[in-house]
$ cat structure-v4.csv   # CSV, C-alpha atoms
chain,number,residue,atom,x,y,z
A,1,MET,CA,-11.1,-19.9,-18.1
A,2,ASN,CA,-8.0,-19.3,-15.9
A,3,TYR,CA,-9.0,-18.0,-12.5
A,4,PHE,CA,-5.4,-17.8,-11.1
A,5,LEU,CA,-4.1,-14.3,-10.5
A,6,SER,CA,-0.9,-13.7,-12.5
A,7,LEU,CA,2.1,-13.3,-10.2
A,8,HIS,CA,3.5,-10.6,-12.4
A,9,SER,CA,0.5,-8.4,-12.8
A,10,PHE,CA,-0.7,-5.4,-10.8
A,11,TYR,CA,-3.7,-5.0,-13.1
A,12,ASN,CA,-7.3,-6.0,-12.5
A,13,MET,CA,-8.8,-9.3,-13.5
A,14,SER,CA,-11.5,-9.2,-16.2
A,15,ASN,CA,-13.1,-12.6,-15.3
A,16,ASP,CA,-16.6,-12.6,-13.8
A,17,TYR,CA,-15.3,-14.3,-10.7
A,18,PHE,CA,-12.1,-15.2,-8.9
A,19,ALA,CA,-11.9,-18.3,-6.7
A,20,PHE,CA,-9.8,-18.3,-3.6
A,21,LYS,CA,-9.2,-21.3,-1.2
A,22,ARG,CA,-12.1,-20.5,1.1
A,23,PHE,CA,-14.3,-18.1,-0.7
A,24,THR,CA,-15.2,-16.8,-4.2
A,25,VAL,CA,-15.3,-13.2,-5.3
A,26,ARG,CA,-17.8,-12.3,-8.0
A,27,GLN,CA,-16.9,-9.0,-9.7
A,28,GLU,CA,-19.0,-8.5,-12.9
A,29,HIS,CA,-20.8,-5.5,-11.4
A,30,CYS,CA,-17.7,-3.8,-9.8
A,31,ALA,CA,-15.6,-1.2,-11.5
A,32,MET,CA,-12.5,-2.4,-9.8
A,33,LYS,CA,-11.7,-6.1,-10.2
A,34,VAL,CA,-9.7,-8.4,-8.0
A,35,GLY,CA,-6.0,-7.5,-8.3
A,36,THR,CA,-2.7,-8.1,-6.7
A,37,ASP,CA,-2.9,-4.8,-4.7
A,38,GLY,CA,-6.0,-5.8,-2.8
A,39,CYS,CA,-4.7,-9.3,-2.2
A,40,LEU,CA,-1.4,-8.0,-0.8
A,41,LEU,CA,-3.1,-5.6,1.5
A,42,GLY,CA,-5.6,-8.1,2.8
A,43,ALA,CA,-2.8,-10.5,3.6
A,44,TRP,CA,-0.4,-7.9,5.1
A,45,ALA,CA,-2.5,-5.6,7.2
A,46,HIS,CA,-2.7,-6.0,11.0
A,47,GLY,CA,-6.1,-6.8,12.4
A,48,GLY,CA,-7.9,-6.7,15.8
A,49,GLN,CA,-11.4,-7.2,17.3
A,50,ARG,CA,-13.0,-4.4,15.2
A,51,ILE,CA,-11.8,-4.0,11.6
A,52,LEU,CA,-13.0,-1.4,9.0
A,53,ASP,CA,-12.5,-1.8,5.3
A,54,VAL,CA,-12.8,1.5,3.5
A,55,GLY,CA,-13.8,1.3,-0.2
A,56,THR,CA,-14.5,-2.4,-0.1
A,57,GLY,CA,-15.5,-2.9,-3.7
A,58,THR,CA,-16.1,-6.6,-4.2
A,59,GLY,CA,-15.5,-7.2,-0.5
A,60,LEU,CA,-12.2,-9.0,-1.1
A,61,ILE,CA,-10.2,-7.3,1.6
A,62,ALA,CA,-13.0,-7.6,4.2
A,63,LEU,CA,-13.2,-11.4,3.4
A,64,MET,CA,-9.5,-11.8,3.7
A,65,MET,CA,-9.4,-10.0,7.1
A,66,ALA,CA,-12.3,-12.1,8.3
A,67,GLN,CA,-10.5,-15.3,7.3
A,68,ARG,CA,-7.3,-14.2,9.0
A,69,PHE,CA,-8.9,-12.9,12.2
A,70,PRO,CA,-11.8,-15.3,13.0
A,71,ASN,CA,-12.8,-13.5,16.2
A,72,ALA,CA,-13.0,-10.1,14.5
A,73,VAL,CA,-16.1,-8.1,13.5
A,74,VAL,CA,-15.4,-6.6,10.1
A,75,SER,CA,-17.3,-3.5,8.8
A,76,ALA,CA,-16.9,-2.7,5.1
A,77,LEU,CA,-18.2,0.3,3.3
A,78,ASP,CA,-18.4,1.7,-0.2
A,79,VAL,CA,-20.2,4.7,-1.8
A,80,ASP,CA,-21.1,2.7,-4.9
A,81,ALA,CA,-24.4,0.8,-4.8
A,82,ASP,CA,-23.4,-1.8,-7.4
A,83,ALA,CA,-20.2,-2.5,-5.5
A,84,ILE,CA,-22.0,-3.0,-2.2
A,85,SER,CA,-24.6,-5.2,-3.8
A,86,GLN,CA,-21.8,-7.4,-5.3
A,87,ALA,CA,-20.0,-7.4,-1.9
A,88,ARG,CA,-23.1,-8.5,-0.1
A,89,GLN,CA,-23.4,-11.4,-2.6
A,90,ASN,CA,-19.8,-12.4,-2.0
A,91,VAL,CA,-20.1,-12.2,1.8
A,92,ALA,CA,-23.4,-14.1,1.9
A,93,GLN,CA,-21.9,-17.0,-0.1
A,94,SER,CA,-18.7,-17.1,2.0
A,95,PRO,CA,-18.0,-18.9,5.4
A,96,PHE,CA,-17.6,-15.4,6.9
A,97,SER,CA,-21.1,-14.0,6.5
A,98,SER,CA,-21.6,-13.7,10.3
A,99,GLN,CA,-18.4,-11.6,10.7
A,100,VAL,CA,-18.8,-9.0,7.9
A,101,THR,CA,-21.3,-6.1,7.8
A,102,LEU,CA,-21.6,-4.0,4.6
A,103,HIS,CA,-22.5,-0.3,4.5
A,104,GLU,CA,-23.5,1.8,1.5
A,105,THR,CA,-22.1,5.2,2.5
A,106,ASP,CA,-19.3,7.6,2.0
A,107,TYR,CA,-16.4,7.4,4.5
A,108,LEU,CA,-16.6,11.0,5.7
A,109,SER,CA,-20.2,10.5,7.0
A,110,PHE,CA,-19.5,7.1,8.6
A,111,SER,CA,-18.9,6.5,12.3
A,112,GLY,CA,-20.0,2.9,12.7
A,113,ASP,CA,-18.7,1.1,15.8
A,114,ALA,CA,-15.6,3.3,16.3
A,115,PRO,CA,-13.0,3.1,17.6
A,116,TYR,CA,-11.6,0.5,15.3
A,117,ASP,CA,-8.5,-1.6,16.1
A,118,ALA,CA,-7.6,-1.8,12.4
A,119,ILE,CA,-8.6,0.2,9.3
A,120,VAL,CA,-7.6,-1.0,5.8
A,121,SER,CA,-8.0,0.8,2.5
A,122,ASN,CA,-6.9,0.2,-1.1
A,123,PRO,CA,-7.6,3.9,-1.8
A,124,PRO,CA,-8.2,5.8,-5.1
A,125,PHE,CA,-4.8,6.5,-6.6
A,126,PHE,CA,-5.2,8.5,-9.8
A,127,VAL,CA,-4.6,11.8,-8.1
A,128,GLN,CA,-3.7,14.0,-11.0
A,129,SER,CA,-5.0,12.1,-14.1
A,130,LEU,CA,-8.1,12.9,-16.0
A,131,PRO,CA,-11.3,11.2,-14.7
A,132,SER,CA,-12.6,8.2,-16.5
A,133,PRO,CA,-15.8,8.7,-18.6
A,134,ASP,CA,-17.2,5.8,-16.7
A,135,GLU,CA,-18.6,7.3,-13.6
A,136,GLN,CA,-18.5,4.1,-11.6
A,137,ARG,CA,-14.8,3.6,-12.4
A,138,THR,CA,-14.1,7.3,-11.6
A,139,LEU,CA,-15.6,6.8,-8.1
A,140,ALA,CA,-13.4,3.7,-7.6
A,141,ARG,CA,-10.1,5.0,-8.9
A,142,HIS,CA,-9.9,8.7,-8.5
A,143,THR,CA,-9.6,10.9,-5.5
A,144,THR,CA,-12.4,13.2,-6.5
A,145,LEU,CA,-14.5,12.3,-3.5
A,146,LEU,CA,-12.1,10.8,-1.0
A,147,THR,CA,-8.8,12.5,-1.1
A,148,TYR,CA,-5.7,11.2,0.7
A,149,GLU,CA,-6.1,14.0,3.2
A,150,ALA,CA,-9.7,13.2,3.9
A,151,LEU,CA,-9.0,9.5,4.2
A,152,MET,CA,-6.3,10.2,6.8
A,153,GLN,CA,-8.3,12.7,8.8
A,154,GLN,CA,-11.3,10.5,9.1
A,155,SER,CA,-9.2,7.4,9.9
A,156,PHE,CA,-7.5,9.3,12.7
A,157,ARG,CA,-10.9,10.0,14.2
A,158,LEU,CA,-12.1,6.5,13.9
A,159,LEU,CA,-9.0,4.5,14.8
A,160,ALA,CA,-8.3,3.3,18.4
A,161,ASP,CA,-5.3,4.8,20.2
A,162,ASP,CA,-3.4,1.6,19.7
A,163,GLY,CA,-4.8,0.7,16.3
A,164,GLU,CA,-3.2,0.6,12.9
A,165,LEU,CA,-4.3,2.0,9.5
A,166,SER,CA,-2.9,0.1,6.5
A,167,VAL,CA,-3.0,1.1,2.8
A,168,ILE,CA,-1.4,0.3,-0.5
A,169,VAL,CA,-0.3,3.0,-3.0
A,170,PRO,CA,1.7,3.2,-6.3
A,171,PHE,CA,5.3,4.2,-5.9
A,172,ASP,CA,4.6,7.8,-7.1
A,173,CYS,CA,1.9,8.3,-4.5
A,174,ARG,CA,3.8,7.4,-1.5
A,175,SER,CA,5.1,10.8,-0.5
A,176,ARG,CA,1.6,12.4,-0.8
A,177,MET,CA,0.1,9.6,1.3
A,178,GLU,CA,2.7,10.0,4.0
A,179,SER,CA,2.3,13.8,4.0
A,180,ALA,CA,-1.4,13.5,4.4
A,181,ALA,CA,-0.9,11.0,7.2
A,182,ALA,CA,1.5,13.3,9.0
A,183,LEU,CA,-0.9,16.3,8.7
A,184,ALA,CA,-3.6,14.2,10.3
A,185,GLY,CA,-1.3,13.2,13.2
A,186,PHE,CA,-0.2,9.8,12.1
A,187,LEU,CA,3.2,8.2,12.4
A,188,LEU,CA,4.6,5.7,9.9
A,189,SER,CA,4.8,2.3,11.6
A,190,ARG,CA,5.5,-0.2,8.7
A,191,VAL,CA,6.7,0.0,5.1
A,192,CYS,CA,6.9,-2.8,2.6
A,193,ALA,CA,8.3,-2.0,-0.9
A,194,VAL,CA,6.7,-4.3,-3.5
A,195,ARG,CA,8.8,-5.1,-6.6
A,196,THR,CA,7.9,-7.1,-9.7
A,197,THR,CA,11.4,-8.4,-10.0
A,198,PRO,CA,14.4,-8.2,-7.6
A,199,VAL,CA,16.3,-5.7,-9.9
A,200,LYS,CA,13.4,-3.3,-10.7
A,201,PRO,CA,12.5,-0.4,-8.5
A,202,PRO,CA,9.4,-0.8,-6.2
A,203,ARG,CA,6.0,-0.4,-8.0
A,204,ARG,CA,3.8,-0.4,-4.9
A,205,PHE,CA,4.2,0.4,-1.2
A,206,LEU,CA,2.3,-1.1,1.6
A,207,LEU,CA,2.1,1.5,4.3
A,208,ALA,CA,0.9,1.3,7.9
A,209,PHE,CA,0.3,4.2,10.3
A,210,ARG,CA,-0.3,4.5,14.0
A,211,LYS,CA,-1.0,7.4,16.4
A,212,HIS,CA,1.9,6.5,18.7
A,213,LEU,CA,5.2,4.7,18.2
A,214,VAL,CA,7.8,3.3,20.5
A,215,THR,CA,10.1,1.9,17.9
A,216,PRO,CA,11.4,3.1,14.5
A,217,PRO,CA,9.2,2.1,11.5
A,218,ASP,CA,9.6,-1.5,10.4
A,219,GLN,CA,10.9,-1.6,6.8
A,220,SER,CA,10.8,-4.6,4.4
A,221,GLU,CA,10.4,-5.5,0.8
A,222,LEU,CA,8.6,-8.1,-1.2
A,223,VAL,CA,9.2,-9.5,-4.7
A,224,ILE,CA,6.2,-10.8,-6.7
A,225,GLY,CA,6.5,-14.5,-7.1
A,226,SER,CA,9.2,-14.9,-4.4
A,227,PRO,CA,9.0,-17.5,-1.6
A,228,GLN,CA,8.0,-14.6,0.8
A,229,PHE,CA,5.2,-13.6,-1.6
A,230,ILE,CA,3.9,-17.2,-1.7
A,231,GLN,CA,4.1,-17.5,2.1
A,232,LEU,CA,2.1,-14.3,2.5
A,233,LEU,CA,-0.7,-15.5,0.2
A,234,GLN,CA,-0.6,-19.2,0.5
A,235,ASP,CA,-3.8,-19.3,2.7
A,236,PHE,CA,-5.7,-17.6,-0.2
A,237,TYR,CA,-4.4,-18.5,-3.6
A,238,ILE,CA,-5.6,-21.9,-4.8
A,239,LYS,CA,-2.4,-22.7,-6.7
A,240,PHE,CA,0.0,-22.1,-3.8

$ encode --input "structure-v4.csv" --output "C-alpha cells"
Amino acid sequence: MNYFLSLHSFYNMSNDYFAFKRFTVRQEHCAMKVGTDGCLLGAWAHGGQRILDVGTGTGLIALMMAQRFPNAVVSALDVDADAISQARQNVAQSPFSSQVTLHETDYLSFSGDAPYDAIVSNPPFFVQSLPSPDEQRTLARHTTLLTYEALMQQSFRLLADDGELSVIVPFDCRSRMESAAALAGFLLSRVCAVRTTPVKPPRRFLLAFRKHLVTPPDQSELVIGSPQFIQLLQDFYIKF
C-alpha cells in the first residue's frame, strides 16, 4: 500500500493511515481523510504559545503545529465524536501527546484557554452544494453548523490582539471568507495562492487574518511539487 500523499492531488486519502516523519495519522473512523489542504495549512500557519485547531478531524493539523512549535500548548476541537476519538488515538501515539488537548464540542460554545496566539482551521467548504447523505461527512464538509461568518466572529473573540487566524479555502470560496472576516473586524495579513501547475489558475488559497496591521498583506504563491512546496513540507513528508 502506498502511503505517500500524491503531489498533484487535493483529494482525500482513502488509506486507513498515513505515515509522516514523526507521527502517524489513522483515519478509518474520520469522514475527512488526510489531504493536501490540511498538510499545507499545518505547515504554513503561524503559531505561538497557545494554538487552537478548529475542526481537527484526525488531529493532523494539531500534530503538525505541535511539531513546529515545541513550546506551544495546542487545543483541538471537533463536534464529531468519532473524529475526536480518532484524534485522541493519533495524539496519544505521537511524540506530542503532552502538548495537545482534544475537546469534543462545537466551536460556538467553546472558550478554552482564550486568548489564543494562533487559530487554524481547514473549514467546511461546500457552501452552496447539497448536503451529503452521510451525516458525518456533512458535518465535516458543509457549512450547515459552522458558517464562515460564525467561524470568523468566534475566532475574533478568542484570538489575542496580536494573534493570527489561518485558513485554507477553495478558489471560489475566497471572496466569501474574506467578506466574513471583514465583517467580524479582521484584516487580511497573508495570502498564498496554491496552483497545481505553474500555468493553471489557483485552486486553493491559504489566508491569514489579524486584528491589526502595520504593513500591507504579504502575497505569495505555491505550486504543488515545486522546490518551495518540498521545502514547506520536508519536515513532514517521508519521501522528501

$ closest_residue --input "structure-v4.csv" --among "A:Ser109, A:Thr24, A:Thr58, A:Ser189" --to "Gln86 of chain A" --atoms "all atoms listed in the file"
A:Thr58

$ residues_around --input "structure-v4.csv" --residues "Val79 of chain A" --least-positions-apart "5" --cutoff "7 Å" --atoms "only C-alpha atoms" --output "PDB file with C-alpha atoms, in the coordinates of the input"
ATOM      1  CA  GLU A 104     -23.500   1.800   1.500  1.00  0.00           C
ATOM      2  CA  THR A 105     -22.100   5.200   2.500  1.00  0.00           C
ATOM      3  CA  ASP A 106     -19.300   7.600   2.000  1.00  0.00           C
TER       4      ASP A 106
END

$ atom_distance --input "structure-v4.csv" --atom1 "atom CA of Gln219 of chain A" --atom2 "atom CA of Ser121 of chain A"
19.5 Å

$ atom_distance --input "structure-v4.csv" --atom1 "atom CA of Ile224 of chain A" --atom2 "atom CA of Phe236 of chain A"
15.2 Å

$ closest_residue --input "structure-v4.csv" --among "A:Phe209, A:Phe96, A:Tyr237, A:Phe171" --to "Gln67 of chain A" --atoms "all atoms listed in the file"
A:Phe96

$ atom_distance --input "structure-v4.csv" --atom1 "atom CA of Thr147 of chain A" --atom2 "atom CA of Pro124 of chain A"
7.8 Å

$ residues_around --input "structure-v4.csv" --residues "segment 39-47 of chain A" --least-positions-apart "6" --cutoff "8 Å" --atoms "all atoms listed in the file" --output "list in words"
Leu60, Ile61, Ala62, Met64, Met65, Arg68, Phe69, Ala72, Asp117, Ala118, Val120, Asn122, Glu164, Ser166, Val167, Ile168, Leu206, Ala208, Leu232 and Leu233 of chain A

$ closest_residue --input "structure-v4.csv" --among "A:Gln93, A:Pro202, A:Ser85, A:Thr197" --to "Pro170 of chain A" --atoms "only C-alpha atoms"
A:Pro202

$ build_atoms --input "structure-v4.csv" --residues "segment 190-204 of chain A" --atoms "N, CA and C atoms" --output "compact mmCIF listing (two decimals), in the coordinates of the input"
# COMPACT_ATOMS: atom_id res chain seq x y z
N ARG A 190 5.00 0.94 9.56
CA ARG A 190 5.50 -0.20 8.70
C ARG A 190 5.55 0.26 7.28
N VAL A 191 6.58 -0.20 6.56
CA VAL A 191 6.70 0.00 5.10
C VAL A 191 7.14 -1.26 4.45
N CYS A 192 6.44 -1.64 3.39
CA CYS A 192 6.90 -2.80 2.60
C CYS A 192 6.92 -2.36 1.13
N ALA A 193 8.13 -2.34 0.55
CA ALA A 193 8.30 -2.00 -0.90
C ALA A 193 8.01 -3.27 -1.70
N VAL A 194 7.14 -3.16 -2.69
CA VAL A 194 6.70 -4.30 -3.50
C VAL A 194 7.37 -4.15 -4.91
N ARG A 195 8.16 -5.14 -5.29
CA ARG A 195 8.80 -5.10 -6.60
C ARG A 195 8.29 -6.25 -7.48
N THR A 196 8.28 -6.01 -8.78
CA THR A 196 7.90 -7.10 -9.70
C THR A 196 9.01 -8.04 -9.98
N THR A 197 10.25 -7.56 -9.91
CA THR A 197 11.40 -8.40 -10.00
C THR A 197 12.48 -7.84 -9.01
N PRO A 198 13.47 -8.64 -8.60
CA PRO A 198 14.40 -8.20 -7.60
C PRO A 198 15.25 -6.94 -8.10
N VAL A 199 15.39 -6.76 -9.42
CA VAL A 199 16.30 -5.70 -9.90
C VAL A 199 15.50 -4.43 -10.30
N LYS A 200 14.19 -4.50 -10.34
CA LYS A 200 13.40 -3.30 -10.70
C LYS A 200 13.04 -2.51 -9.46
N PRO A 201 12.85 -1.21 -9.62
CA PRO A 201 12.50 -0.40 -8.50
C PRO A 201 11.06 -0.76 -8.00
N PRO A 202 10.70 -0.45 -6.76
CA PRO A 202 9.40 -0.80 -6.20
C PRO A 202 8.27 -0.13 -7.09
N ARG A 203 7.19 -0.88 -7.30
CA ARG A 203 6.00 -0.40 -8.00
C ARG A 203 4.88 -0.02 -7.09
N ARG A 204 4.88 -0.61 -5.92
CA ARG A 204 3.80 -0.40 -4.90
C ARG A 204 4.51 -0.26 -3.56
